[in-house]
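Shown below: entry-v1.txt, with compact mmCIF, C-alpha atoms.
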```txt
# COMPACT_ATOMS: atom_id res chain seq x y z
CA MET A 618 -28.96 -20.25 0.43
CA VAL A 619 -27.26 -18.59 -2.50
CA GLN A 620 -23.89 -19.21 -4.09
CA LYS A 621 -20.96 -17.47 -2.51
CA LEU A 622 -19.19 -14.62 -4.26
CA PRO A 623 -15.46 -15.25 -4.60
CA PHE A 624 -14.19 -11.91 -3.33
CA LEU A 625 -11.78 -11.31 -0.48
CA LYS A 626 -11.90 -8.30 1.78
CA GLU A 627 -9.11 -5.75 1.60
CA SER A 628 -6.80 -5.92 4.63
CA PRO A 629 -7.91 -3.17 6.97
CA SER A 630 -5.58 -0.20 7.37
CA GLN A 631 -3.80 0.63 10.59
CA THR A 632 -1.93 3.80 11.48
CA ALA A 633 1.66 4.08 10.30
CA GLY A 634 2.51 5.10 13.86
CA PRO A 635 5.25 7.47 14.99
CA TYR A 636 8.11 5.26 13.83
CA VAL A 637 7.15 4.70 10.20
CA HIS A 638 10.59 6.02 9.22
CA ILE A 639 12.25 2.88 10.57
CA GLY A 640 10.67 0.98 7.71
CA THR A 641 10.64 3.65 5.02
CA ASN A 642 13.60 5.94 5.77
CA PRO A 643 15.91 3.98 8.09
CA ASN A 644 18.98 6.01 7.12
CA TRP A 645 17.15 9.18 8.06
CA VAL A 646 16.65 7.84 11.62
CA GLU A 647 20.25 6.69 11.81
CA ILE A 648 19.65 3.02 11.12
CA THR A 649 22.52 2.78 8.70
CA GLY A 650 24.04 -0.13 6.85
CA VAL A 651 20.81 -2.03 6.23
CA TRP A 652 20.38 -0.50 2.81
CA LYS A 653 22.32 2.26 1.20
CA GLU A 654 19.69 4.76 0.24
CA ASP A 655 16.12 5.34 1.35
CA LEU A 656 13.66 4.98 -1.54
CA GLY A 657 12.04 7.95 -3.19
CA LEU A 658 14.31 10.79 -2.06
CA VAL A 659 15.52 11.70 -5.55
CA LEU A 660 13.07 12.09 -8.42
CA VAL A 661 15.03 14.08 -10.97
CA GLY A 662 18.34 13.31 -12.69
CA PRO A 663 20.32 15.25 -15.29
CA GLU A 664 18.56 13.41 -18.14
CA THR A 665 15.02 13.96 -16.86
CA LYS A 666 12.89 16.06 -19.22
CA GLY A 667 10.79 18.90 -17.92
CA GLU A 668 10.72 22.07 -15.86
CA ARG A 669 12.51 21.68 -12.51
CA ILE A 670 10.33 22.69 -9.59
CA VAL A 671 10.28 22.44 -5.82
CA ILE A 672 7.19 21.62 -3.85
CA LYS A 673 7.17 22.15 -0.12
CA GLY A 674 4.82 22.76 2.75
CA ARG A 675 3.60 21.46 6.06
CA VAL A 676 0.79 19.24 7.27
CA PHE A 677 -1.34 20.81 10.01
CA ASP A 678 -3.60 19.18 12.57
CA GLY A 679 -6.94 20.49 13.79
CA ALA A 680 -5.24 22.70 16.40
CA GLY A 681 -3.09 24.36 13.72
CA ASP A 682 0.12 22.62 14.75
CA PRO A 683 2.37 21.13 12.08
CA LEU A 684 2.86 17.35 12.14
CA LYS A 685 6.51 16.55 12.71
CA ASP A 686 6.12 12.84 12.16
CA ALA A 687 4.21 12.87 8.85
CA LEU A 688 5.43 10.93 5.84
CA LEU A 689 4.39 12.08 2.36
CA GLU A 690 4.45 10.25 -0.94
CA ILE A 691 3.85 11.78 -4.33
CA TRP A 692 2.96 10.15 -7.64
CA GLN A 693 2.90 12.06 -10.89
CA ALA A 694 3.11 11.95 -14.67
CA ASP A 695 6.20 13.01 -16.60
CA ALA A 696 6.50 16.30 -18.47
CA GLU A 697 4.47 14.88 -21.38
CA GLY A 698 1.67 13.59 -19.18
CA LEU A 699 2.64 9.91 -19.19
CA TYR A 700 3.00 7.70 -16.14
CA ASN A 701 6.01 5.45 -15.71
CA SER A 702 3.91 2.39 -14.93
CA PRO A 703 3.01 -0.89 -16.68
CA GLN A 704 -0.63 0.23 -16.38
CA GLU A 705 0.13 3.19 -18.65
CA LYS A 706 -1.11 2.13 -22.12
CA ARG A 707 -1.01 5.49 -23.92
CA GLY A 708 2.72 5.62 -24.61
CA LYS A 709 6.11 5.31 -23.05
CA ALA A 710 7.02 7.66 -20.22
CA ASP A 711 10.40 9.38 -19.82
CA PRO A 712 12.72 6.53 -18.78
CA ASN A 713 14.63 8.99 -16.60
CA PHE A 714 11.67 9.83 -14.44
CA VAL A 715 9.94 7.32 -12.16
CA GLY A 716 7.44 9.87 -10.90
CA TRP A 717 7.25 8.57 -7.34
CA GLY A 718 8.79 10.30 -4.35
CA ARG A 719 8.72 9.98 -0.59
CA GLN A 720 9.86 12.43 2.07
CA PRO A 721 9.51 12.62 5.83
CA ALA A 722 8.41 15.92 7.30
CA ASP A 723 11.23 17.66 9.15
CA GLY A 724 11.34 16.47 12.76
CA THR A 725 11.63 20.04 14.08
CA THR A 726 9.70 22.29 11.69
CA GLY A 727 7.36 19.80 10.06
CA GLU A 728 8.31 21.02 6.58
CA TYR A 729 8.46 18.58 3.69
CA ARG A 730 10.21 19.25 0.39
CA PHE A 731 10.32 17.50 -3.00
CA GLU A 732 12.46 18.43 -5.97
CA THR A 733 10.67 17.25 -9.08
CA ILE A 734 9.42 18.38 -12.48
CA LYS A 735 6.12 19.87 -13.45
CA PRO A 736 3.86 17.12 -14.81
CA GLY A 737 2.01 17.31 -18.10
CA ARG A 738 -1.74 16.98 -18.40
CA VAL A 739 -3.42 13.58 -18.37
CA PRO A 740 -6.95 12.69 -19.43
CA TYR A 741 -9.97 12.09 -17.23
CA LYS A 742 -12.00 8.95 -17.93
CA ASP A 743 -14.07 10.64 -20.64
CA GLY A 744 -11.00 11.96 -22.46
CA ARG A 745 -11.17 15.57 -21.28
CA LEU A 746 -7.82 16.76 -19.98
CA MET A 747 -7.33 17.20 -16.26
CA ALA A 748 -5.16 20.09 -15.10
CA PRO A 749 -1.55 19.20 -14.25
CA HIS A 750 -1.53 17.64 -10.80
CA ILE A 751 0.44 15.49 -8.40
CA THR A 752 -1.19 12.80 -6.27
CA VAL A 753 -0.21 13.14 -2.62
CA TRP A 754 -0.57 10.47 0.09
CA ILE A 755 -0.09 11.29 3.76
CA VAL A 756 0.42 8.94 6.69
CA ALA A 757 1.33 9.66 10.31
CA ARG A 758 0.60 8.67 13.86
CA GLY A 759 -3.11 9.28 14.46
CA ILE A 760 -4.06 8.85 10.79
CA ASN A 761 -5.87 5.52 10.67
CA THR A 762 -6.03 5.25 6.88
CA GLY A 763 -3.60 7.10 4.58
CA LEU A 764 -5.06 10.32 3.17
CA HIS A 765 -5.15 10.88 -0.60
CA THR A 766 -5.21 14.37 -2.02
CA ARG A 767 -4.00 16.21 -5.13
CA LEU A 768 -1.69 19.15 -5.65
CA TYR A 769 -2.59 21.54 -8.47
CA PHE A 770 -0.58 24.56 -9.63
CA SER A 771 -1.47 28.23 -9.11
CA ASP A 772 -0.03 29.24 -12.51
CA GLU A 773 -2.36 26.87 -14.40
CA GLU A 774 -5.49 28.93 -14.01
CA ALA A 775 -7.02 28.06 -17.38
CA ALA A 776 -6.36 24.33 -17.01
CA ASN A 777 -7.60 24.36 -13.41
CA ALA A 778 -10.79 26.08 -14.51
CA GLU A 779 -11.63 23.22 -16.91
CA CYS A 780 -10.35 20.31 -14.81
CA PRO A 781 -13.16 17.74 -14.46
CA VAL A 782 -11.94 16.68 -11.02
CA LEU A 783 -11.79 20.19 -9.58
CA ALA A 784 -15.24 20.71 -11.10
CA ARG A 785 -16.55 17.86 -8.93
CA ILE A 786 -15.92 19.88 -5.75
CA ALA A 787 -19.31 21.24 -4.85
CA HIS A 788 -18.06 23.78 -2.32
CA LYS A 789 -16.05 26.07 -4.57
CA ALA A 790 -14.48 27.78 -1.57
CA ARG A 791 -12.60 24.53 -0.90
CA VAL A 792 -10.97 24.31 -4.36
CA PRO A 793 -8.03 26.55 -3.31
CA THR A 794 -7.07 23.97 -0.66
CA LEU A 795 -5.71 21.89 -3.57
CA ILE A 796 -3.78 24.66 -5.30
CA ALA A 797 -0.10 25.17 -4.52
CA THR A 798 1.17 28.72 -4.71
CA ARG A 799 4.09 29.53 -6.99
CA ALA A 800 7.02 31.75 -6.01
CA GLU A 801 10.67 31.94 -7.06
CA GLU A 802 13.17 30.72 -4.48
CA ASN A 803 16.88 30.43 -5.22
CA GLY A 804 16.09 30.68 -8.92
CA LEU A 805 13.70 27.71 -8.86
CA PRO A 806 9.95 27.81 -9.18
CA THR A 807 8.80 26.76 -5.73
CA TYR A 808 5.24 25.75 -4.97
CA THR A 809 3.99 25.86 -1.40
CA PHE A 810 1.34 23.29 -0.60
CA ASP A 811 0.17 23.26 3.01
CA ILE A 812 -2.20 20.47 3.97
CA HIS A 813 -4.79 20.98 6.68
CA ILE A 814 -6.16 17.71 8.00
CA GLN A 815 -9.01 19.33 9.89
CA GLY A 816 -10.61 22.68 10.59
CA GLU A 817 -11.72 25.73 8.62
CA LYS A 818 -9.06 25.28 5.96
CA GLU A 819 -9.47 21.50 5.72
CA THR A 820 -7.90 20.18 2.54
CA VAL A 821 -10.11 18.22 0.18
CA PHE A 822 -9.24 14.52 0.54
CA PHE A 823 -10.32 11.91 -1.95
CA ASP A 824 -11.90 8.47 -1.67
CA ILE A 825 -10.30 7.09 -4.80
CA MET B 1001 -12.34 -10.86 -19.22
CA SER B 1002 -9.43 -9.23 -17.45
CA ASP B 1003 -8.95 -6.95 -14.48
CA GLN B 1004 -8.67 -3.70 -16.36
CA GLY B 1005 -11.45 -1.62 -14.89
CA SER B 1006 -11.65 0.63 -11.88
CA PHE B 1007 -10.88 -0.59 -8.41
CA TYR B 1008 -13.75 -1.75 -6.25
CA GLN B 1009 -14.77 1.02 -3.95
CA ARG B 1010 -12.94 0.87 -0.66
CA ASP B 1011 -15.22 -0.51 2.08
CA ARG B 1012 -14.84 2.27 4.61
CA SER B 1013 -16.81 0.30 7.21
CA TRP B 1014 -14.13 -2.40 7.11
CA HIS B 1015 -11.31 0.10 7.66
CA PRO B 1016 -11.04 2.18 10.81
CA PRO B 1017 -12.87 5.50 10.61
CA ALA B 1018 -10.63 8.59 10.78
CA PHE B 1019 -12.06 9.84 14.07
CA THR B 1020 -11.53 7.29 16.84
CA PRO B 1021 -11.46 9.06 20.22
CA SER B 1022 -10.14 6.03 22.14
CA TYR B 1023 -6.97 6.50 20.07
CA LYS B 1024 -6.48 10.08 21.16
CA THR B 1025 -4.04 11.26 18.51
CA SER B 1026 -6.68 10.64 15.85
CA VAL B 1027 -8.94 13.34 17.28
CA LEU B 1028 -7.02 16.28 15.77
CA ARG B 1029 -5.70 14.27 12.83
CA SER B 1030 -9.01 13.21 11.30
CA PRO B 1031 -10.73 15.04 8.44
CA GLN B 1032 -14.24 16.13 9.35
CA GLN B 1033 -15.49 16.85 5.84
CA PRO B 1034 -16.64 13.91 3.74
CA LEU B 1035 -14.01 12.47 1.42
CA LEU B 1036 -14.63 13.38 -2.22
CA SER B 1037 -15.42 10.18 -4.10
CA LEU B 1038 -13.43 10.06 -7.30
CA GLU B 1039 -13.87 7.52 -10.05
CA ASN B 1040 -10.41 6.17 -10.75
CA THR B 1041 -8.47 8.05 -13.38
CA ILE B 1042 -5.14 7.08 -14.89
CA SER B 1043 -3.52 8.92 -11.95
CA GLU B 1044 -4.86 6.33 -9.50
CA LEU B 1045 -4.75 3.26 -11.78
CA THR B 1046 -0.99 3.59 -12.26
CA GLY B 1047 1.74 3.22 -9.69
CA PRO B 1048 5.49 2.86 -9.32
CA VAL B 1049 7.27 -0.43 -9.95
CA PHE B 1050 10.16 -1.58 -7.78
CA GLY B 1051 12.43 -4.14 -9.37
CA HIS B 1052 14.01 -7.03 -7.48
CA ASP B 1053 17.35 -5.36 -8.27
CA LYS B 1054 16.47 -2.68 -5.70
CA LEU B 1055 16.88 -5.19 -2.88
CA GLY B 1056 19.98 -6.48 -1.15
CA PRO B 1057 20.40 -10.11 -0.08
CA LEU B 1058 19.81 -9.35 3.63
CA ASP B 1059 16.88 -7.00 3.18
CA ASN B 1060 14.45 -9.71 4.29
CA ASP B 1061 16.66 -10.99 7.10
CA LEU B 1062 16.19 -8.87 10.20
CA LEU B 1063 18.34 -11.34 12.16
CA ARG B 1064 21.36 -10.34 10.11
CA ASN B 1065 20.79 -7.06 8.31
CA PHE B 1066 21.86 -4.87 11.23
CA ALA B 1067 23.73 -7.35 13.43
CA LYS B 1068 27.11 -6.16 14.67
CA THR B 1069 28.37 -8.78 17.12
CA GLY B 1070 25.87 -11.65 16.83
CA ASP B 1071 22.21 -12.41 16.42
CA PRO B 1072 19.59 -10.21 18.09
CA ILE B 1073 17.96 -11.42 21.30
CA GLY B 1074 14.47 -12.87 21.01
CA GLN B 1075 12.24 -15.60 19.68
CA ARG B 1076 13.37 -16.40 16.15
CA ILE B 1077 10.46 -16.42 13.68
CA VAL B 1078 9.79 -16.64 9.96
CA VAL B 1079 6.92 -14.53 8.63
CA TYR B 1080 5.60 -15.52 5.24
CA GLY B 1081 2.47 -15.21 3.16
CA ARG B 1082 0.99 -13.95 -0.05
CA VAL B 1083 -0.20 -10.63 -1.32
CA LEU B 1084 -3.54 -11.12 -3.07
CA ASP B 1085 -6.14 -8.78 -4.47
CA GLU B 1086 -9.85 -8.79 -3.69
CA ASN B 1087 -10.37 -11.10 -6.68
CA ALA B 1088 -8.15 -13.61 -4.83
CA ARG B 1089 -5.47 -13.32 -7.48
CA PRO B 1090 -1.80 -13.06 -6.47
CA VAL B 1091 -0.09 -9.68 -6.74
CA PRO B 1092 3.44 -10.29 -8.03
CA GLY B 1093 6.11 -7.62 -7.78
CA ALA B 1094 4.56 -5.96 -4.73
CA LEU B 1095 7.05 -4.13 -2.53
CA LEU B 1096 6.57 -4.78 1.19
CA GLU B 1097 8.41 -2.78 3.81
CA PHE B 1098 8.17 -3.87 7.44
CA TRP B 1099 9.35 -2.45 10.73
CA GLN B 1100 9.03 -3.45 14.35
CA ALA B 1101 10.23 -3.11 17.93
CA ASN B 1102 12.86 -5.44 19.35
CA ALA B 1103 12.15 -8.36 21.69
CA GLY B 1104 11.85 -5.97 24.63
CA GLY B 1105 9.34 -3.73 22.86
CA ARG B 1106 11.84 -0.95 22.08
CA TYR B 1107 12.10 0.73 18.67
CA ARG B 1108 15.37 1.99 17.30
CA HIS B 1109 14.23 5.57 16.62
CA LYS B 1110 15.65 8.85 17.81
CA LYS B 1111 12.31 9.93 19.25
CA GLU B 1112 11.64 6.67 21.14
CA THR B 1113 11.98 6.99 24.94
CA TYR B 1114 10.71 3.67 26.37
CA LEU B 1115 13.10 2.37 29.02
CA ALA B 1116 13.47 -1.16 27.59
CA ALA B 1117 16.97 -1.78 26.27
CA ILE B 1118 18.12 -1.18 22.72
CA ASP B 1119 19.44 -4.35 21.11
CA PRO B 1120 22.77 -3.53 19.48
CA ASN B 1121 22.16 -6.26 16.91
CA PHE B 1122 18.66 -5.32 15.84
CA GLY B 1123 17.67 -2.51 13.47
CA GLY B 1124 14.03 -3.52 13.05
CA CYS B 1125 13.48 -2.87 9.35
CA GLY B 1126 13.31 -5.02 6.26
CA ARG B 1127 11.69 -5.34 2.88
CA ALA B 1128 10.73 -7.89 0.25
CA ILE B 1129 9.16 -8.03 -3.20
CA THR B 1130 6.58 -10.71 -3.93
CA ASP B 1131 7.41 -13.42 -6.46
CA GLU B 1132 5.28 -14.50 -9.44
CA GLU B 1133 2.78 -16.19 -7.12
CA GLY B 1134 2.56 -13.20 -4.81
CA ARG B 1135 4.65 -14.84 -2.09
CA TYR B 1136 7.04 -13.12 0.32
CA TRP B 1137 8.96 -14.18 3.42
CA PHE B 1138 11.37 -12.77 5.94
CA ARG B 1139 12.94 -13.79 9.19
CA THR B 1140 13.13 -11.76 12.35
CA ILE B 1141 12.57 -11.96 16.09
CA LYS B 1142 9.15 -11.70 17.65
CA PRO B 1143 8.67 -8.11 18.81
CA GLY B 1144 7.73 -7.36 22.42
CA ALA B 1145 4.65 -5.55 23.67
CA TYR B 1146 5.20 -2.03 24.96
CA PRO B 1147 3.39 0.75 26.85
CA TRP B 1148 2.50 3.95 25.04
CA PRO B 1149 1.11 7.30 26.11
CA ASN B 1150 -2.60 7.23 25.37
CA GLY B 1151 -4.29 6.15 28.56
CA VAL B 1152 -1.92 5.92 31.52
CA ASN B 1153 -1.70 2.14 31.17
CA ASP B 1154 -2.21 1.35 27.49
CA TRP B 1155 -0.05 -1.32 25.87
CA ARG B 1156 0.44 -2.25 22.27
CA PRO B 1157 0.30 -5.98 21.58
CA ALA B 1158 3.27 -7.48 19.74
CA HIS B 1159 2.99 -6.36 16.12
CA ILE B 1160 4.87 -5.80 12.89
CA HIS B 1161 4.09 -2.80 10.68
CA PHE B 1162 3.66 -3.40 6.93
CA SER B 1163 3.72 -0.90 4.07
CA VAL B 1164 2.53 -2.37 0.77
CA PHE B 1165 2.70 -1.15 -2.83
CA GLY B 1166 0.56 -3.03 -5.33
CA HIS B 1167 0.38 -2.13 -9.02
CA ALA B 1168 -1.55 1.10 -8.62
CA PHE B 1169 -1.37 4.06 -6.28
CA ALA B 1170 -5.02 3.39 -5.35
CA GLN B 1171 -3.86 0.16 -3.69
CA ARG B 1172 -1.36 1.84 -1.37
CA LEU B 1173 -1.77 0.44 2.13
CA ILE B 1174 -0.13 0.55 5.54
CA THR B 1175 -1.28 -1.91 8.16
CA GLN B 1176 -0.07 -3.99 11.12
CA MET B 1177 0.26 -7.72 11.75
CA TYR B 1178 -0.59 -9.29 15.11
CA PHE B 1179 0.19 -12.74 16.49
CA GLU B 1180 -2.25 -15.61 17.00
CA GLY B 1181 -3.30 -16.18 20.58
CA ASP B 1182 -2.12 -12.84 21.97
CA PRO B 1183 -4.71 -11.70 24.55
CA MET B 1184 -3.40 -8.14 24.34
CA ILE B 1185 -4.84 -7.71 20.84
CA TRP B 1186 -8.27 -7.27 22.37
CA GLN B 1187 -7.38 -4.48 24.79
CA ASP B 1188 -5.49 -2.23 22.37
CA PRO B 1189 -7.05 1.13 21.40
CA ILE B 1190 -5.33 1.10 18.01
CA VAL B 1191 -6.61 -2.38 17.11
CA ALA B 1192 -10.00 -1.26 18.40
CA THR B 1193 -10.17 1.52 15.79
CA ILE B 1194 -11.25 -1.29 13.43
CA PRO B 1195 -14.97 -1.69 14.02
CA ASP B 1196 -15.47 -5.27 12.82
CA LYS B 1197 -14.04 -8.24 14.73
CA SER B 1198 -13.55 -10.30 11.58
CA ALA B 1199 -11.63 -7.40 10.03
CA ILE B 1200 -9.31 -7.41 13.05
CA GLU B 1201 -8.87 -11.16 12.69
CA GLN B 1202 -7.70 -10.56 9.12
CA LEU B 1203 -4.63 -8.91 10.66
CA VAL B 1204 -3.80 -11.79 13.02
CA ALA B 1205 -1.08 -14.06 11.62
CA ALA B 1206 -1.54 -17.78 12.17
CA LEU B 1207 1.09 -19.84 13.95
CA ASP B 1208 2.09 -22.45 11.36
CA ARG B 1209 3.74 -25.52 12.81
CA GLN B 1210 4.14 -27.05 9.33
CA ASN B 1211 6.52 -24.33 8.26
CA THR B 1212 8.65 -23.91 11.35
CA LEU B 1213 12.37 -24.30 10.81
CA PRO B 1214 12.98 -27.25 13.16
CA MET B 1215 15.39 -26.43 15.99
CA ASP B 1216 15.55 -22.87 14.67
CA ALA B 1217 12.48 -20.67 14.20
CA LEU B 1218 8.68 -20.63 14.52
CA ALA B 1219 6.62 -19.63 11.48
CA TYR B 1220 3.69 -17.25 11.15
CA LYS B 1221 1.57 -16.96 8.02
CA PHE B 1222 0.27 -13.51 7.13
CA ASP B 1223 -1.62 -12.93 3.87
CA ILE B 1224 -2.35 -9.38 2.79
CA VAL B 1225 -5.24 -8.39 0.53
CA LEU B 1226 -5.05 -5.28 -1.64
CA ARG B 1227 -7.91 -3.73 -3.56
CA GLY B 1228 -9.03 -5.54 -6.69
CA ARG B 1229 -10.15 -4.21 -10.07
CA ARG B 1230 -13.36 -4.71 -11.93
CA SER B 1231 -13.44 -7.06 -14.87
CA THR B 1232 -14.10 -5.43 -18.19
CA MET B 1233 -17.16 -7.45 -19.17
CA PHE B 1234 -19.13 -5.70 -21.95
CA GLU B 1235 -16.58 -2.96 -21.98
CA ASN B 1236 -13.78 -2.39 -24.40
CA ARG B 1237 -12.57 1.10 -23.96
CA MET B 1238 -9.00 2.20 -23.68
CA GLU B 1239 -7.80 3.11 -20.24
CA GLY B 1240 -7.74 6.81 -19.71
CA ASN B 1241 -10.24 7.36 -22.51
```

What's the structure tokens form of this structure?
Amino acid sequence: MVQKLPFLKESPSQTAGPYVHIGTNPNWVEITGVWKEDLGLVLVGPETKGERIVIKGRVFDGAGDPLKDALLEIWQADAEGLYNSPQEKRGKADPNFVGWGRQPADGTTGEYRFETIKPGRVPYKDGRLMAPHITVWIVARGINTGLHTRLYFSDEEAANAECPVLARIAHKARVPTLIATRAEENGLPTYTFDIHIQGEKETVFFDI
Amino acid sequence: MSDQGSFYQRDRSWHPPAFTPSYKTSVLRSPQQPLLSLENTISELTGPVFGHDKLGPLDNDLLRNFAKTGDPIGQRIVVYGRVLDENARPVPGALLEFWQANAGGRYRHKKETYLAAIDPNFGGCGRAITDEEGRYWFRTIKPGAYPWPNGVNDWRPAHIHFSVFGHAFAQRLITQMYFEGDPMIWQDPIVATIPDKSAIEQLVAALDRQNTLPMDALAYKFDIVLRGRRSTMFENRMEGN
């Protein structure tokens, strides 16, 4: 016999199910009075530094139908490329920007929408800069383990071209699945980021 | 030596695979391409922090946080445990959100159609943040089992959903807690998405007679393990560099 290693196993994931909103967005499903405001709805305040943007889109299943029960979370750096986290050792992030958001997809159309700021660039492990990006996490009924992906920006062509993470994608035709398309809507830069869980346009998901 | 390195790779054979045909909804909601393995960058090693000031005094009391005219109907229970990482160290400051059906197996959700009665005194949601030793607790009623449209006669065992934030976005986890001794655990297509029996058992809370509230509530212990980070032996580089 050999000595035992002291590690525990991670708790296995289970689907968030169709009623995830009861726990994450109770006010949105009319469970009011338990707490005042659902977490993660508002990312940006008047003091937040950076370019105001909207990101929106839908999550599609393998039959091309939008998920109406999906829940999305985003995590991103501030305008200077610093994370508001104790694990961030490179400097102090904008105190007026947490950088985390959470939105349910619309129950009728499946559209999600975040109002945030454009993040700055942050370094890859070897110090090279990654292109500006937002980490996206998707859960829903039928998704057994939450899906991690990244949103990149269509107007950052030069940065995208040298991003060490995008460079890791062997099938170059799949790179555009991570790039949100910029347009102006109501005077705000609005990036559309549709996520395809399965099929010809399947989004690149990460094992991080 | 401190836990400053990358997270241990997720053991995908311990988690349910994405494509699990016995849970039919997963069929069209499962990626078919391989996941792209990504060494952790600062984007995954960081994560949001939720202060204790975010919580109200009844957030971890599902008996009282929605009650209108009295306590909800059902078996009163306390659920408690610790959030640990794979290095068996406590994770303090972890936000846990939990949600569940009422004692009759009915969720309070606008899309829920099961015929069991709504309980006017039960909302079914709560949250807690772990203390310095990674501990959390809440009180609630034991949820009921309920039928769901998968097969024509599939039932979910009694369970409580948990959403957990550790210290890094790479640790983000949603899972479910089951109850010791429930025979319905072993006939549930969603439980069965987990391939390994000992992994399933990791989600079964133990009935703890030592921590019951006498003449009041039963207790169940449910520990949650999040991913752990490598130690930085023979390594002294700045994070993100």

Tell me, as a list in words, which residues lie within 9 Å of A:Arg745, counting only C-alpha atoms; anything in the same chain fewer than 3 positions away does not count.
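Selected residues are Val739, Pro740, Tyr741, Lys742, Glu779, Cys780 and Pro781 of chain A; Asn1241 of chain B.
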
One decimal, Å: what's the distance from atom CA of B:Pro1090 over to atom CA of B:Phe1222, could you say?
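Atom CA of B:Pro1090 sits 13.8 Å away from atom CA of B:Phe1222.
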
How many Å lie between atom CA of B:Arg1106 and atom CA of B:Ala1094, rounded to one decimal?
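The value is 28.2 Å.
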
Using atom CA of A:Ala787 and atom CA of A:Gly679 as the two end points, give the distance in Å to one decimal.
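Atom CA of A:Gly679 lies 22.4 Å from atom CA of A:Ala787.
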
Which residue of A:Gly724, A:Asp743, A:Pro806, A:Arg719 approaches chain B most closely, using all atoms listed in the file
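Under the stated criterion, the closest residue is A:Asp743.
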
Taking (-0.8, 0.2, -5.7) in the file's coordinates as the center, which residues reach within 9 Å of it, counting only C-alpha atoms, put as a list in words?
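Protein and nucleic acid residues near the point are Glu1044, Leu1045, Thr1046, Gly1047, Pro1048, Ala1094, Val1164, Phe1165, Gly1166, His1167, Ala1168, Phe1169, Ala1170, Gln1171, Arg1172, Leu1173, Leu1226 and Arg1227 of chain B.
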
Which is closer to chain B than all the others in A:Gly634, A:Pro712, A:Gly718, A:Gly759, using only C-alpha atoms?
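Between A:Gly634, A:Pro712, A:Gly718, A:Gly759, the residue approaching chain B most closely is A:Gly759.
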
Go through B:Phe1019, B:Trp1099, B:Tyr1008, B:Tyr1080 one by one, measure the shortest atom-to-atom distance of each to chain A using only C-alpha atoms, and give the residue with the smallest value.
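Closest candidate: B:Trp1099.
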
Spatial neighbours of A:Glu773, 12 Å, all atoms listed in the file, chain gap at least 2 places, as a PyMOL selection string
chain A and resi 735-738+747-750+768-771+775-780+796-799

Those same residues, written as a CSV table (one decimal), in the coordinates of the input with C-alpha atoms?
```csv
chain,number,residue,atom,x,y,z
A,735,LYS,CA,6.1,19.9,-13.4
A,736,PRO,CA,3.9,17.1,-14.8
A,737,GLY,CA,2.0,17.3,-18.1
A,738,ARG,CA,-1.7,17.0,-18.4
A,747,MET,CA,-7.3,17.2,-16.3
A,748,ALA,CA,-5.2,20.1,-15.1
A,749,PRO,CA,-1.6,19.2,-14.2
A,750,HIS,CA,-1.5,17.6,-10.8
A,768,LEU,CA,-1.7,19.2,-5.6
A,769,TYR,CA,-2.6,21.5,-8.5
A,770,PHE,CA,-0.6,24.6,-9.6
A,771,SER,CA,-1.5,28.2,-9.1
A,775,ALA,CA,-7.0,28.1,-17.4
A,776,ALA,CA,-6.4,24.3,-17.0
A,777,ASN,CA,-7.6,24.4,-13.4
A,778,ALA,CA,-10.8,26.1,-14.5
A,779,GLU,CA,-11.6,23.2,-16.9
A,780,CYS,CA,-10.4,20.3,-14.8
A,796,ILE,CA,-3.8,24.7,-5.3
A,797,ALA,CA,-0.1,25.2,-4.5
A,798,THR,CA,1.2,28.7,-4.7
A,799,ARG,CA,4.1,29.5,-7.0
```

Looking at only C-alpha atoms, which of A:Thr762, A:Thr665, A:Asn713, A:Gln620 is the one that sits closest to chain B?
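The shortest atom-to-atom distance to chain B comes from A:Thr762.
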
Would you mind listing what lies within 7 Å of A:Thr733 as a list in words, with all atoms listed in the file counted and same-chain residues fewer than 3 positions away left out?
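Result of the neighbour search: Leu660, Val661, Arg669, Ile670 and Val671 of chain A.
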
Residue neighbourhood B:Gly1056, 10 Å, all atoms listed in the file, exclusion window fewer than 2 positions, as number ranges by chain
A: 651-653; B: 1052-1054, 1058-1061, 1065, 1127-1128

Excluding B:Tyr1178 and residues on its chain fewer than 2 positions from it, collect all residues at most 10 Å away from it, counting all atoms listed in the file, and give them as a list in words.
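Listed by chain and then number, they are Pro1157, Ala1158, His1159, Ile1160, His1161, Gln1176, Glu1180, Gly1181, Asp1182, Met1184, Ile1185, Val1191, Ile1200, Glu1201, Gln1202, Leu1203, Val1204, Ala1205, Ala1206, Tyr1220 and Phe1222 of chain B.
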
Closest to chain B among A:Thr809, A:Thr794, A:Gln720, A:Thr632, using all atoms listed in the file?
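Counting all atoms listed in the file, the residue closest to chain B is A:Thr632.
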
Which one is closest to A:Pro643: B:Pro1183, B:Gly1123, B:Pro1189, B:Phe1162? Count all atoms listed in the file.
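Among B:Pro1183, B:Gly1123, B:Pro1189, B:Phe1162, it is B:Gly1123 that comes nearest to A:Pro643.
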
So which residues are close to (11.2, 7.9, 19.5), meaning at most 12 Å away in the file's coordinates with only C-alpha atoms counted, and can you show them as a PyMOL selection string?
(chain A and resi 634-639+646-647+685-686+724) or (chain B and resi 1101+1106-1115+1118+1148)

Dump of stretch 1070-1078 of chain B from preceding block, C-alpha atoms, as an mmCIF file, in the first residue's frame:
```cif
data_model
loop_
_atom_site.group_PDB
_atom_site.id
_atom_site.type_symbol
_atom_site.label_atom_id
_atom_site.label_comp_id
_atom_site.auth_asym_id
_atom_site.auth_seq_id
_atom_site.Cartn_x
_atom_site.Cartn_y
_atom_site.Cartn_z
ATOM 1 C CA GLY B 1070 -47.380 31.704 9.944
ATOM 2 C CA ASP B 1071 -44.723 29.103 9.360
ATOM 3 C CA PRO B 1072 -44.714 27.056 6.150
ATOM 4 C CA ILE B 1073 -46.077 23.512 6.244
ATOM 5 C CA GLY B 1074 -43.536 20.699 6.339
ATOM 6 C CA GLN B 1075 -40.781 18.937 8.213
ATOM 7 C CA ARG B 1076 -38.608 21.586 9.842
ATOM 8 C CA ILE B 1077 -34.899 21.040 9.127
ATOM 9 C CA VAL B 1078 -31.555 22.748 9.577
#
```
